[in-house]
$ cat input.csv   # CSV, C-alpha atoms
chain,number,residue,atom,x,y,z
A,216,MET,CA,38.3,7.2,140.3
A,217,LYS,CA,40.7,9.2,142.6
A,218,ILE,CA,39.5,9.6,146.2
A,219,LEU,CA,40.1,13.1,147.7
A,220,THR,CA,41.5,13.2,151.2
A,221,LYS,CA,39.9,15.3,153.9
A,222,SER,CA,43.0,17.5,154.3
A,223,PHE,CA,43.0,18.3,150.6
A,224,VAL,CA,39.3,19.4,150.7
A,225,LEU,CA,40.0,21.8,153.6
A,226,THR,CA,43.0,23.2,151.8
A,227,ALA,CA,40.9,24.0,148.7
A,228,ILE,CA,38.2,25.7,150.8
A,229,LEU,CA,40.8,27.9,152.5
A,230,VAL,CA,42.4,28.9,149.1
A,231,ALA,CA,39.0,29.8,147.7
A,232,ALA,CA,38.2,31.9,150.8
A,233,LEU,CA,41.5,33.7,150.5
A,234,ALA,CA,40.8,34.4,146.8
A,235,LEU,CA,37.4,35.9,147.6
A,236,ALA,CA,38.9,38.1,150.4
A,237,SER,CA,41.6,39.4,148.2
A,238,ALA,CA,39.2,40.2,145.2
A,239,PRO,CA,38.5,44.0,144.9
A,240,ARG,CA,34.9,45.0,145.8
A,241,ALA,CA,32.8,47.4,143.7
A,242,ALA,CA,33.2,51.0,145.1
A,243,ALA,CA,30.1,52.9,146.1
A,244,GLN,CA,29.3,55.6,143.4
A,245,THR,CA,29.6,58.8,145.5
A,246,GLY,CA,31.1,62.2,145.4
A,247,SER,CA,31.8,65.1,147.8
A,248,ILE,CA,31.4,68.8,148.5
A,249,SER,CA,34.2,70.9,149.9
A,250,GLY,CA,35.0,74.5,150.3
A,251,GLN,CA,36.5,77.3,152.4
A,252,ILE,CA,34.4,79.9,154.3
A,253,LEU,CA,35.9,83.2,155.2
A,254,ASP,CA,34.4,85.7,157.7
A,255,ILE,CA,33.6,89.4,157.3
A,256,ASN,CA,37.3,90.1,157.7
A,257,ALA,CA,38.2,87.6,155.1
A,258,LYS,CA,39.7,85.3,157.8
A,259,PRO,CA,39.0,81.6,158.1
A,260,TRP,CA,35.7,81.0,159.8
A,261,VAL,CA,36.2,78.2,162.2
A,262,GLY,CA,33.5,75.9,163.7
A,263,LEU,CA,30.7,76.5,161.3
A,264,THR,CA,28.2,73.7,160.7
A,265,VAL,CA,27.8,73.1,157.0
A,266,GLN,CA,25.0,70.9,155.7
A,267,ALA,CA,24.4,69.4,152.3
A,268,THR,CA,20.7,68.5,151.5
A,269,SER,CA,19.8,66.4,148.5
A,270,GLU,CA,16.6,67.0,146.5
A,271,GLN,CA,15.2,63.9,148.2
A,272,GLY,CA,15.8,65.4,151.6
A,273,ALA,CA,18.9,63.4,152.7
A,274,LYS,CA,21.3,65.5,154.8
A,275,LEU,CA,24.9,65.2,155.7
A,276,THR,CA,27.0,67.7,157.7
A,277,ALA,CA,30.6,68.8,158.4
A,278,LYS,CA,32.3,71.5,160.4
A,279,THR,CA,34.9,74.0,159.2
A,280,ASP,CA,38.4,73.5,160.5
A,281,ASN,CA,41.0,76.1,161.6
A,282,ASP,CA,41.5,77.1,158.0
A,283,GLY,CA,37.7,77.5,157.5
A,284,LYS,CA,37.7,74.5,155.3
A,285,TYR,CA,35.1,71.6,155.3
A,286,THR,CA,34.4,68.5,153.3
A,287,ILE,CA,31.2,66.5,153.1
A,288,ASN,CA,31.8,63.0,151.8
A,289,SER,CA,29.7,60.0,150.7
A,290,LEU,CA,27.2,62.0,148.7
A,291,ARG,CA,25.2,60.3,146.0
A,292,PRO,CA,25.2,62.0,142.6
A,293,GLY,CA,22.6,64.8,142.4
A,294,ILE,CA,21.8,68.4,143.2
A,295,TYR,CA,22.5,69.6,146.8
A,296,THR,CA,21.7,72.7,148.7
A,297,VAL,CA,24.7,73.8,150.8
A,298,THR,CA,23.7,75.6,153.9
A,299,ILE,CA,25.5,77.0,157.0
A,300,THR,CA,23.1,75.8,159.7
A,301,ALA,CA,24.9,76.8,162.8
A,302,PHE,CA,27.4,79.6,163.7
A,303,PRO,CA,29.8,79.6,166.6
A,304,PRO,CA,29.7,82.3,169.3
A,305,PRO,CA,29.2,85.2,169.2
A,306,ASN,CA,27.1,84.7,166.1
A,307,GLU,CA,25.2,81.6,167.3
A,308,LYS,CA,21.8,83.3,166.9
A,309,GLN,CA,22.5,84.0,163.2
A,310,GLN,CA,19.9,82.5,160.9
A,311,ALA,CA,20.8,79.7,158.5
A,312,TYR,CA,22.5,80.9,155.4
A,313,ASP,CA,22.3,79.2,152.0
A,314,LEU,CA,25.7,79.1,150.3
A,315,ALA,CA,24.9,77.6,147.0
A,316,LYS,CA,23.3,74.8,145.0
A,317,VAL,CA,25.8,72.4,143.5
A,318,ARG,CA,25.8,69.3,141.4
A,319,VAL,CA,27.6,66.3,142.9
A,320,GLU,CA,29.0,63.7,140.4
A,321,SER,CA,30.3,60.3,141.0
A,322,GLY,CA,34.0,60.3,142.1
A,323,ALA,CA,34.2,64.1,141.9
A,324,GLU,CA,34.5,67.0,144.4
A,325,ALA,CA,32.1,69.9,144.0
A,326,LYS,CA,33.0,73.3,145.4
A,327,ALA,CA,31.0,75.7,147.6
A,328,ASP,CA,33.1,78.5,148.9
A,329,ALA,CA,32.0,81.8,150.6
A,330,ASN,CA,33.8,85.0,151.5
A,331,PHE,CA,31.5,87.0,153.8
A,332,LYS,CA,33.6,90.2,153.4
A,333,GLU,CA,32.6,90.2,149.7
A,334,ILE,CA,29.1,89.1,150.4
A,335,MET,CA,28.5,91.9,152.9
A,336,GLY,CA,30.2,94.4,150.5
A,337,LYS,CA,27.7,93.5,147.8
A,338,GLN,CA,24.8,93.6,150.1
A,339,GLY,CA,25.9,97.0,151.3
A,340,ALA,CA,26.0,98.3,147.7
A,341,ALA,CA,22.5,96.9,147.2
A,342,VAL,CA,21.3,98.6,150.3
A,343,GLN,CA,22.8,101.9,149.2
A,344,GLU,CA,21.2,101.6,145.8
A,345,GLN,CA,17.8,100.9,147.4
A,346,VAL,CA,18.3,104.0,149.7
A,347,LYS,CA,19.1,106.0,146.6
A,348,LYS,CA,16.0,104.8,144.8
A,349,ASN,CA,13.9,105.5,147.9
A,350,GLU,CA,15.2,109.1,148.1
A,351,GLU,CA,14.5,109.6,144.4
A,352,ALA,CA,11.0,108.3,144.8
A,353,LYS,CA,10.5,110.6,147.8
A,354,ALA,CA,11.7,113.6,145.8
A,355,LYS,CA,9.4,112.7,143.0
A,356,PHE,CA,6.4,112.4,145.4
A,357,GLU,CA,7.2,115.7,147.0
A,358,GLY,CA,7.5,117.4,143.6
A,359,MET,CA,4.2,115.9,142.5
A,360,LYS,CA,2.5,116.9,145.7
A,361,ALA,CA,3.7,120.5,145.4
A,362,HIS,CA,2.4,120.9,141.9
A,363,PHE,CA,-0.8,119.0,142.7
A,364,THR,CA,-1.5,121.4,145.6
A,365,ALA,CA,-0.7,124.4,143.5
A,366,GLY,CA,-3.1,123.1,140.8
A,367,ASN,CA,-5.9,122.6,143.3
A,368,THR,CA,-5.5,126.2,144.6
A,369,ILE,CA,-5.7,127.6,141.1
A,370,LEU,CA,-8.6,125.4,140.3
A,371,GLU,CA,-10.6,126.8,143.2
A,372,GLN,CA,-9.8,130.3,141.9
A,373,GLU,CA,-11.0,129.2,138.5
A,374,LYS,CA,-14.3,128.0,139.9
A,375,ALA,CA,-14.8,131.3,141.7
A,376,ALA,CA,-14.0,133.2,138.5
A,377,LYS,CA,-16.5,131.1,136.7
A,378,ALA,CA,-19.2,132.0,139.3
A,379,ASP,CA,-18.3,135.7,138.8
A,380,LEU,CA,-18.6,135.2,135.0
A,381,GLN,CA,-22.1,133.9,135.3
A,382,LYS,CA,-23.1,137.1,137.2
A,383,ALA,CA,-21.0,139.5,135.2
A,384,PRO,CA,-22.7,142.3,133.2
A,385,ALA,CA,-22.6,141.9,129.4
A,386,ASP,CA,-19.8,144.5,128.9
A,387,GLN,CA,-17.6,142.6,131.4
A,388,ARG,CA,-18.2,139.0,130.2
A,389,ASP,CA,-15.3,138.8,127.7
A,390,ALA,CA,-12.8,139.8,130.4
A,391,ALA,CA,-14.3,137.5,132.9
A,392,LYS,CA,-14.3,134.6,130.5
A,393,GLN,CA,-10.6,135.3,129.6
A,394,LYS,CA,-9.8,135.2,133.3
A,395,VAL,CA,-11.4,131.8,133.7
A,396,ASN,CA,-9.5,130.5,130.7
A,397,ASP,CA,-6.2,131.9,132.0
A,398,LEU,CA,-6.7,130.2,135.3
A,399,ALA,CA,-7.6,126.9,133.5
A,400,GLU,CA,-4.2,127.2,131.7
A,401,GLN,CA,-2.3,127.8,135.0
A,402,ALA,CA,-4.0,124.9,136.7
A,403,ALA,CA,-3.4,122.6,133.8
A,404,LYS,CA,0.3,123.6,133.8
A,405,GLU,CA,0.6,122.6,137.4
A,406,TYR,CA,-1.2,119.2,136.9
A,407,LYS,CA,1.0,118.4,133.9
A,408,ALA,CA,4.1,119.2,136.0
A,409,ALA,CA,2.7,116.9,138.7
A,410,GLN,CA,2.4,114.2,136.1
A,411,GLU,CA,6.0,114.6,135.0
A,412,SER,CA,7.2,114.6,138.6
A,413,ALA,CA,5.3,111.5,139.4
A,414,GLY,CA,6.3,109.4,136.4
A,415,GLU,CA,4.1,107.3,134.2
A,416,LYS,CA,3.8,104.3,136.6
A,417,ASP,CA,2.9,106.4,139.6
A,418,PRO,CA,-0.5,105.1,141.1
A,419,ASN,CA,-1.7,108.7,141.4
A,420,GLN,CA,-1.7,109.4,137.6
A,421,HIS,CA,-5.4,108.7,137.3
A,422,LEU,CA,-6.2,111.4,139.9
A,423,LEU,CA,-3.9,113.9,138.1
A,424,TRP,CA,-5.7,113.2,134.8
A,425,ALA,CA,-9.0,113.7,136.5
A,426,LYS,CA,-8.0,117.0,138.0
A,427,LEU,CA,-6.6,118.2,134.6
A,428,GLY,CA,-10.0,117.2,133.1
A,429,GLU,CA,-11.8,119.2,135.8
A,430,ALA,CA,-9.7,122.3,135.0
A,431,TYR,CA,-10.6,122.2,131.4
A,432,ASP,CA,-14.2,121.2,132.2
A,433,THR,CA,-14.7,124.3,134.4
A,434,ALA,CA,-13.5,126.5,131.5
A,435,GLY,CA,-15.9,124.8,129.1
A,436,ARG,CA,-13.1,123.4,127.0
A,437,ASN,CA,-15.0,120.2,126.2
A,438,ASP,CA,-12.5,118.4,123.9
A,439,GLU,CA,-9.5,118.8,126.2
A,440,ALA,CA,-11.6,117.9,129.2
A,441,ALA,CA,-13.0,114.7,127.5
A,442,GLN,CA,-9.4,113.6,126.6
A,443,ALA,CA,-8.2,114.1,130.1
A,444,TYR,CA,-11.2,112.2,131.6
A,445,GLN,CA,-10.6,109.4,129.1
A,446,GLN,CA,-7.0,109.1,130.2
A,447,ALA,CA,-8.1,109.0,133.9
A,448,ILE,CA,-10.5,106.1,132.9
A,449,ALA,CA,-7.8,104.3,131.0
A,450,THR,CA,-5.5,104.5,134.0
A,451,LYS,CA,-8.1,103.5,136.5
A,452,PRO,CA,-11.3,102.2,134.8
A,453,ASP,CA,-13.3,101.4,138.0
A,454,VAL,CA,-14.1,104.9,139.2
A,455,PRO,CA,-17.8,105.8,138.5
A,456,GLY,CA,-17.2,109.5,138.9
A,457,TYR,CA,-14.8,109.6,136.0
A,458,TYR,CA,-17.4,108.3,133.7
A,459,ASN,CA,-20.0,110.7,135.1
A,460,ASN,CA,-17.6,113.7,134.5
A,461,LEU,CA,-16.9,112.4,131.0
A,462,GLY,CA,-20.6,112.1,130.3
A,463,ASN,CA,-21.2,115.7,131.4
A,464,VAL,CA,-18.6,117.0,128.9
A,465,LEU,CA,-19.7,114.8,126.0
A,466,ALA,CA,-23.4,115.7,126.6
A,467,ARG,CA,-22.5,119.4,126.6
A,468,ALA,CA,-20.6,118.9,123.3
A,469,GLY,CA,-23.6,117.3,121.8
A,470,LYS,CA,-22.1,113.8,121.6
A,471,ILE,CA,-25.2,112.2,122.9
A,472,ASP,CA,-24.5,108.5,122.2
A,473,GLU,CA,-21.0,108.7,123.7
A,474,ALA,CA,-22.4,110.5,126.7
A,475,LYS,CA,-25.1,107.9,127.2
A,476,ALA,CA,-22.4,105.2,127.1
A,477,ALA,CA,-20.4,107.0,129.8
A,478,TYR,CA,-23.3,107.6,132.1
A,479,SER,CA,-24.4,104.0,131.6
A,480,LYS,CA,-21.0,102.8,132.8
A,481,SER,CA,-21.1,105.1,135.8
A,482,ALA,CA,-24.5,103.7,136.7
A,483,GLU,CA,-23.3,100.1,136.2
A,484,LEU,CA,-20.3,100.6,138.5
A,485,ASP,CA,-22.3,102.4,141.2
A,486,PRO,CA,-25.9,101.0,141.2
A,487,PRO,CA,-26.9,102.8,144.4
A,488,ASN,CA,-26.2,106.1,142.6
A,489,ALA,CA,-27.5,105.2,139.2
A,490,ALA,CA,-30.3,107.7,139.5
A,491,THR,CA,-27.7,110.4,140.0
A,492,ALA,CA,-25.9,109.4,136.9
A,493,TRP,CA,-29.0,109.6,134.8
A,494,ARG,CA,-30.2,112.8,136.4
A,495,ASN,CA,-26.8,114.4,135.6
A,496,PHE,CA,-27.2,113.2,132.0
A,497,GLY,CA,-30.6,114.9,131.9
A,498,ILE,CA,-29.3,118.1,133.5
A,499,SER,CA,-26.3,118.3,131.1
A,500,LEU,CA,-28.7,118.0,128.1
A,501,TYR,CA,-31.2,120.4,129.6
A,502,ASN,CA,-28.5,123.0,130.2
A,503,ALA,CA,-27.3,122.5,126.6
A,504,ASN,CA,-30.9,123.3,125.5
A,505,ARG,CA,-31.3,119.7,124.2
A,506,LEU,CA,-34.6,119.2,125.9
A,507,ALA,CA,-35.9,116.5,123.7
A,508,ASP,CA,-32.8,114.4,124.3
A,509,ALA,CA,-33.0,115.1,128.1
A,510,ILE,CA,-36.4,113.3,128.4
A,511,GLU,CA,-35.2,109.7,128.3
A,512,PRO,CA,-32.4,110.0,131.0
A,513,LEU,CA,-34.7,112.1,133.2
A,514,GLN,CA,-37.4,109.5,133.0
A,515,LYS,CA,-34.8,106.8,134.1
A,516,ALA,CA,-33.8,109.1,136.9
A,517,THR,CA,-37.3,109.5,138.2
A,518,GLU,CA,-38.0,105.8,137.9
A,519,LEU,CA,-34.9,105.0,140.0
A,520,ASP,CA,-35.4,107.9,142.5
A,521,PRO,CA,-39.0,109.0,142.5
A,522,LYS,CA,-38.5,111.5,145.3
A,523,ASN,CA,-36.2,113.9,143.6
A,524,ALA,CA,-38.1,117.1,142.8
A,525,GLN,CA,-35.4,118.5,140.5
A,526,ALA,CA,-35.6,115.5,138.2
A,527,TRP,CA,-39.4,115.7,138.1
A,528,TYR,CA,-39.4,119.4,137.3
A,529,LEU,CA,-36.8,119.1,134.5
A,530,LEU,CA,-38.7,116.2,133.1
A,531,GLY,CA,-41.9,118.3,132.9
A,532,ALA,CA,-40.0,121.2,131.4
A,533,SER,CA,-38.4,118.9,128.8
A,534,LEU,CA,-41.7,117.3,127.9
A,535,LEU,CA,-42.9,120.7,126.9
A,536,MET,CA,-40.8,120.2,123.7
A,537,LYS,CA,-43.3,117.7,122.6
A,538,MET,CA,-46.3,120.0,123.1
A,539,THR,CA,-48.3,120.5,120.0
A,540,THR,CA,-51.5,122.3,119.0
A,541,LYS,CA,-54.6,120.9,117.3
A,542,LYS,CA,-57.3,122.9,115.5
A,543,VAL,CA,-60.7,122.2,116.9
A,544,GLY,CA,-63.3,124.2,115.1
A,545,ASP,CA,-62.0,127.7,114.8
A,546,LYS,CA,-59.7,127.3,117.8
A,547,GLU,CA,-56.1,125.9,118.4
A,548,GLU,CA,-56.1,123.6,121.4
A,549,VAL,CA,-52.8,122.8,123.2
A,550,GLN,CA,-51.9,119.1,123.2
A,551,LEU,CA,-49.4,118.1,125.9
A,552,ALA,CA,-47.1,115.1,125.8
A,553,PRO,CA,-48.2,112.4,128.2
A,554,GLY,CA,-46.7,112.8,131.7
A,555,THR,CA,-46.0,116.6,131.4
A,556,VAL,CA,-48.6,117.7,134.0
A,557,GLU,CA,-47.8,114.7,136.2
A,558,ALA,CA,-44.1,115.6,136.3
A,559,TYR,CA,-44.8,119.2,137.3
A,560,GLU,CA,-47.3,118.1,139.9
A,561,LYS,CA,-44.9,115.6,141.4
A,562,ALA,CA,-42.2,118.3,141.6
A,563,GLU,CA,-44.6,120.6,143.4
A,564,GLU,CA,-45.7,117.9,145.8
A,565,LEU,CA,-42.1,116.9,146.7
A,566,ASP,CA,-40.8,120.5,147.0
A,567,PRO,CA,-43.8,122.7,148.0
A,568,ASN,CA,-41.7,125.4,149.5
A,569,GLY,CA,-38.5,125.1,147.5
A,570,PRO,CA,-37.3,126.3,144.1
A,571,TRP,CA,-38.3,123.2,142.1
A,572,GLY,CA,-41.8,123.2,143.5
A,573,ALA,CA,-42.2,126.9,142.8
A,574,GLN,CA,-41.0,126.6,139.2
A,575,ALA,CA,-43.3,123.6,138.7
A,576,LYS,CA,-46.3,125.5,140.1
A,577,GLN,CA,-45.5,128.4,137.7
A,578,GLY,CA,-45.2,125.9,134.9
A,579,LEU,CA,-48.7,124.5,135.6
A,580,ASN,CA,-50.1,128.0,135.8
A,581,ASP,CA,-48.5,128.9,132.5
A,582,LEU,CA,-50.1,125.8,130.9
A,583,LYS,CA,-53.4,126.7,132.3
A,584,ALA,CA,-53.2,130.1,130.8
A,585,LEU,CA,-52.4,128.5,127.5
A,586,GLY,CA,-55.7,126.7,127.7
A,587,ALA,CA,-54.1,123.3,128.1
A,588,GLY,CA,-57.2,122.0,129.8
A,589,ILE,CA,-55.5,121.1,133.1
A,590,GLU,CA,-57.7,123.2,135.5
A,591,THR,CA,-58.8,120.2,137.5
A,592,LYS,CA,-55.3,118.8,137.7
A,593,VAL,CA,-53.9,122.1,138.9
A,594,ASN,CA,-56.5,122.8,141.6
A,595,VAL,CA,-57.3,119.3,142.7
A,596,ARG,CA,-54.8,117.0,144.5
A,597,LYS,CA,-55.2,113.4,145.2
A,598,LYS,CA,-55.8,112.6,148.8
A,599,LYS,CA,-53.0,110.8,150.5
A,600,SER,CA,-54.0,107.3,151.6
$ encode --input "input.csv" --output "structure tokens"
Amino acid sequence: MKILTKSFVLTAILVAALALASAPRAAAQTGSISGQILDINAKPWVGLTVQATSEQGAKLTAKTDNDGKYTINSLRPGIYTVTITAFPPPNEKQQAYDLAKVRVESGAEAKADANFKEIMGKQGAAVQEQVKKNEEAKAKFEGMKAHFTAGNTILEQEKAAKADLQKAPADQRDAAKQKVNDLAEQAAKEYKAAQESAGEKDPNQHLLWAKLGEAYDTAGRNDEAAQAYQQAIATKPDVPGYYNNLGNVLARAGKIDEAKAAYSKSAELDPPNAATAWRNFGISLYNANRLADAIEPLQKATELDPKNAQAWYLLGASLLMKMTTKKVGDKEEVQLAPGTVEAYEKAEELDPNGPWGAQAKQGLNDLKALGAGIETKVNVRKKKS
């Protein structure tokens, strides 16, 4: 067996060490981001601080040189947000500006350039376009407002003409009715013009539909009024008054079930005024001479608001439709529907010096004259506790 000398061992160690030192090391898998930034005059922007931020939050920075160029090295592969985080004087108060999002790959150079002359030019065009849109919107609004105001003026004239119609002598009624209808047409024309000026997506469309419905409603054009109110509801379905107005028209047209649904929705949306909705239903039916149909809504109205003399009087008058006669011996006796007298008495009690109380009192006297057997109820009042 050969014995190694000490000097030989040392030599071998040195050779091995040299071999390790000269062996190539594995390079780190990184990439870089570089670019050039030009100012608003398309000149190199010197002294900007550019930062690359990875999705994990790691940050590396560089500054632009005299040519406006920068390079950020030693970036691991991934997506980076490139941001100008600091500007040199006189723009040092400028807020940070995101240049781009870029993907860095191993051994490759990603690019993120910026020309602020082009950027500002594009932003200027966008601003000009927005100004143009604002001016167009303003013109539309002014046009809508002008037609809307004109429509309201004519609608007031229409209402006044309708009041005159109701007082007109028989030989003047046709002319007065035609005047109301003509004004309705004029008002409708203005409201439709307002709708066109506003555009379909204008938030005021529901109001324009409602006013169009009112113009037709005032003229007694039930179908057209109902269609307009339905459009108002479709555009803004949470306004109780629209359902109430629709109910008025439908009741007048004899569409009782549809009217009831509309009034019910009005009452649902506005519980504090539910009594008003049902009373309006009853009034519409009463005015349309549908007294039997008016009984139910008027009963609901008096239950919800027992201090309204009008509702009590109309209920009493409507209940007369259920009055019958019964032969007793050789006489015909009047048979009243339950609640008729009580409704009249309540109206008289609540409105002793007003029109509803006076009409209720007259109604009771008429029933007495018919021999309805209510003498004690007419002349005797319960003492208040």
$ residues_around --input "input.csv" --residues "Leu427 in chain A" --least-positions-apart "4" --cutoff "9 Å" --atoms "only C-alpha atoms" --output "PyMOL selection string"
chain A and resi 366+399+402-407+422-423+431-432+439-440+443-444
$ residues_around --input "input.csv" --residues "Ser249 in chain A" --least-positions-apart "5" --cutoff "7 Å" --atoms "only C-alpha atoms" --output "list in words"
Tyr285, Thr286, Ile287, Glu324, Ala325, Lys326 and Ala327 of chain A
$ atom_distance --input "input.csv" --atom1 "CA of Asp379 in chain A" --atom2 "CA of Lys426 in chain A"
21.4 Å
$ atom_distance --input "input.csv" --atom1 "CA of Val464 in chain A" --atom2 "CA of Pro486 in chain A"
21.5 Å
$ residues_around --input "input.csv" --residues "Phe356 in chain A" --least-positions-apart "3" --cutoff "12 Å" --atoms "all atoms listed in the file" --output "short mmCIF file (atom, residue, chain, number, x, y, z; two decimals) with C-alpha atoms, keeping the file's coordinate frame"
data_model
loop_
_atom_site.label_atom_id
_atom_site.label_comp_id
_atom_site.auth_asym_id
_atom_site.auth_seq_id
_atom_site.Cartn_x
_atom_site.Cartn_y
_atom_site.Cartn_z
CA ASN A 349 13.90 105.50 147.90
CA GLU A 350 15.20 109.10 148.10
CA GLU A 351 14.50 109.60 144.40
CA ALA A 352 11.00 108.30 144.80
CA LYS A 353 10.50 110.60 147.80
CA MET A 359 4.20 115.90 142.50
CA LYS A 360 2.50 116.90 145.70
CA ALA A 361 3.70 120.50 145.40
CA HIS A 362 2.40 120.90 141.90
CA PHE A 363 -0.80 119.00 142.70
CA THR A 364 -1.50 121.40 145.60
CA ALA A 408 4.10 119.20 136.00
CA ALA A 409 2.70 116.90 138.70
CA GLN A 410 2.40 114.20 136.10
CA GLU A 411 6.00 114.60 135.00
CA SER A 412 7.20 114.60 138.60
CA ALA A 413 5.30 111.50 139.40
CA GLY A 414 6.30 109.40 136.40
CA ASP A 417 2.90 106.40 139.60
CA PRO A 418 -0.50 105.10 141.10
CA ASN A 419 -1.70 108.70 141.40
CA GLN A 420 -1.70 109.40 137.60
#
$ residues_around --input "input.csv" --residues "Lys374 in chain A" --least-positions-apart "5" --cutoff "10 Å" --atoms "all atoms listed in the file" --output "list in words"
Ile369, Asp379, Leu380, Val395, Leu398, Ala399, Ala430, Thr433 and Ala434 of chain A
$ write_last_selection --input "input.csv" --atoms "C-alpha atoms" --output "compact mmCIF listing (two decimals), in the coordinates of the input"
# COMPACT_ATOMS: atom_id res chain seq x y z
CA ILE A 369 -5.70 127.60 141.10
CA ASP A 379 -18.30 135.70 138.80
CA LEU A 380 -18.60 135.20 135.00
CA VAL A 395 -11.40 131.80 133.70
CA LEU A 398 -6.70 130.20 135.30
CA ALA A 399 -7.60 126.90 133.50
CA ALA A 430 -9.70 122.30 135.00
CA THR A 433 -14.70 124.30 134.40
CA ALA A 434 -13.50 126.50 131.50
$ atom_distance --input "input.csv" --atom1 "CA of Phe302 in chain A" --atom2 "CA of Thr245 in chain A"
27.7 Å
$ residues_around --input "input.csv" --residues "Gly322 in chain A" --least-positions-apart "4" --cutoff "12 Å" --atoms "all atoms listed in the file" --output "VMD selection string"
chain A and resid 242 to 248 288 to 292
$ build_atoms --input "input.csv" --residues "range 395-408 of chain A" --atoms "N, CA and C atoms" --output "mmCIF file, in the frame of the given file"
data_model
loop_
_atom_site.group_PDB
_atom_site.id
_atom_site.type_symbol
_atom_site.label_atom_id
_atom_site.label_comp_id
_atom_site.auth_asym_id
_atom_site.auth_seq_id
_atom_site.Cartn_x
_atom_site.Cartn_y
_atom_site.Cartn_z
ATOM 1 N N VAL A 395 -11.180 133.191 133.423
ATOM 2 C CA VAL A 395 -11.400 131.800 133.700
ATOM 3 C C VAL A 395 -10.493 130.908 132.827
ATOM 4 N N ASN A 396 -10.345 131.270 131.572
ATOM 5 C CA ASN A 396 -9.500 130.500 130.700
ATOM 6 C C ASN A 396 -8.022 130.562 131.092
ATOM 7 N N ASP A 397 -7.588 131.737 131.516
ATOM 8 C CA ASP A 397 -6.200 131.900 132.000
ATOM 9 C C ASP A 397 -5.925 131.025 133.203
ATOM 10 N N LEU A 398 -6.868 131.004 134.126
ATOM 11 C CA LEU A 398 -6.700 130.200 135.300
ATOM 12 C C LEU A 398 -6.725 128.700 134.983
ATOM 13 N N ALA A 399 -7.537 128.336 133.999
ATOM 14 C CA ALA A 399 -7.600 126.900 133.500
ATOM 15 C C ALA A 399 -6.182 126.541 133.015
ATOM 16 N N GLU A 400 -5.560 127.433 132.255
ATOM 17 C CA GLU A 400 -4.200 127.200 131.700
ATOM 18 C C GLU A 400 -3.202 126.994 132.838
ATOM 19 N N GLN A 401 -3.291 127.863 133.841
ATOM 20 C CA GLN A 401 -2.300 127.800 135.000
ATOM 21 C C GLN A 401 -2.523 126.492 135.747
ATOM 22 N N ALA A 402 -3.776 126.132 136.002
ATOM 23 C CA ALA A 402 -4.000 124.900 136.700
ATOM 24 C C ALA A 402 -3.567 123.686 135.933
ATOM 25 N N ALA A 403 -3.849 123.701 134.641
ATOM 26 C CA ALA A 403 -3.400 122.600 133.800
ATOM 27 C C ALA A 403 -1.909 122.459 133.780
ATOM 28 N N LYS A 404 -1.216 123.577 133.762
ATOM 29 C CA LYS A 404 0.300 123.600 133.800
ATOM 30 C C LYS A 404 0.772 122.869 135.039
ATOM 31 N N GLU A 405 0.156 123.169 136.172
ATOM 32 C CA GLU A 405 0.600 122.600 137.400
ATOM 33 C C GLU A 405 0.285 121.055 137.447
ATOM 34 N N TYR A 406 -0.885 120.660 136.951
ATOM 35 C CA TYR A 406 -1.200 119.200 136.900
ATOM 36 C C TYR A 406 -0.322 118.456 135.991
ATOM 37 N N LYS A 407 0.041 119.066 134.866
ATOM 38 C CA LYS A 407 1.000 118.400 133.900
ATOM 39 C C LYS A 407 2.352 118.278 134.560
ATOM 40 N N ALA A 408 2.767 119.302 135.281
ATOM 41 C CA ALA A 408 4.100 119.200 136.000
ATOM 42 C C ALA A 408 4.027 118.145 137.048
#
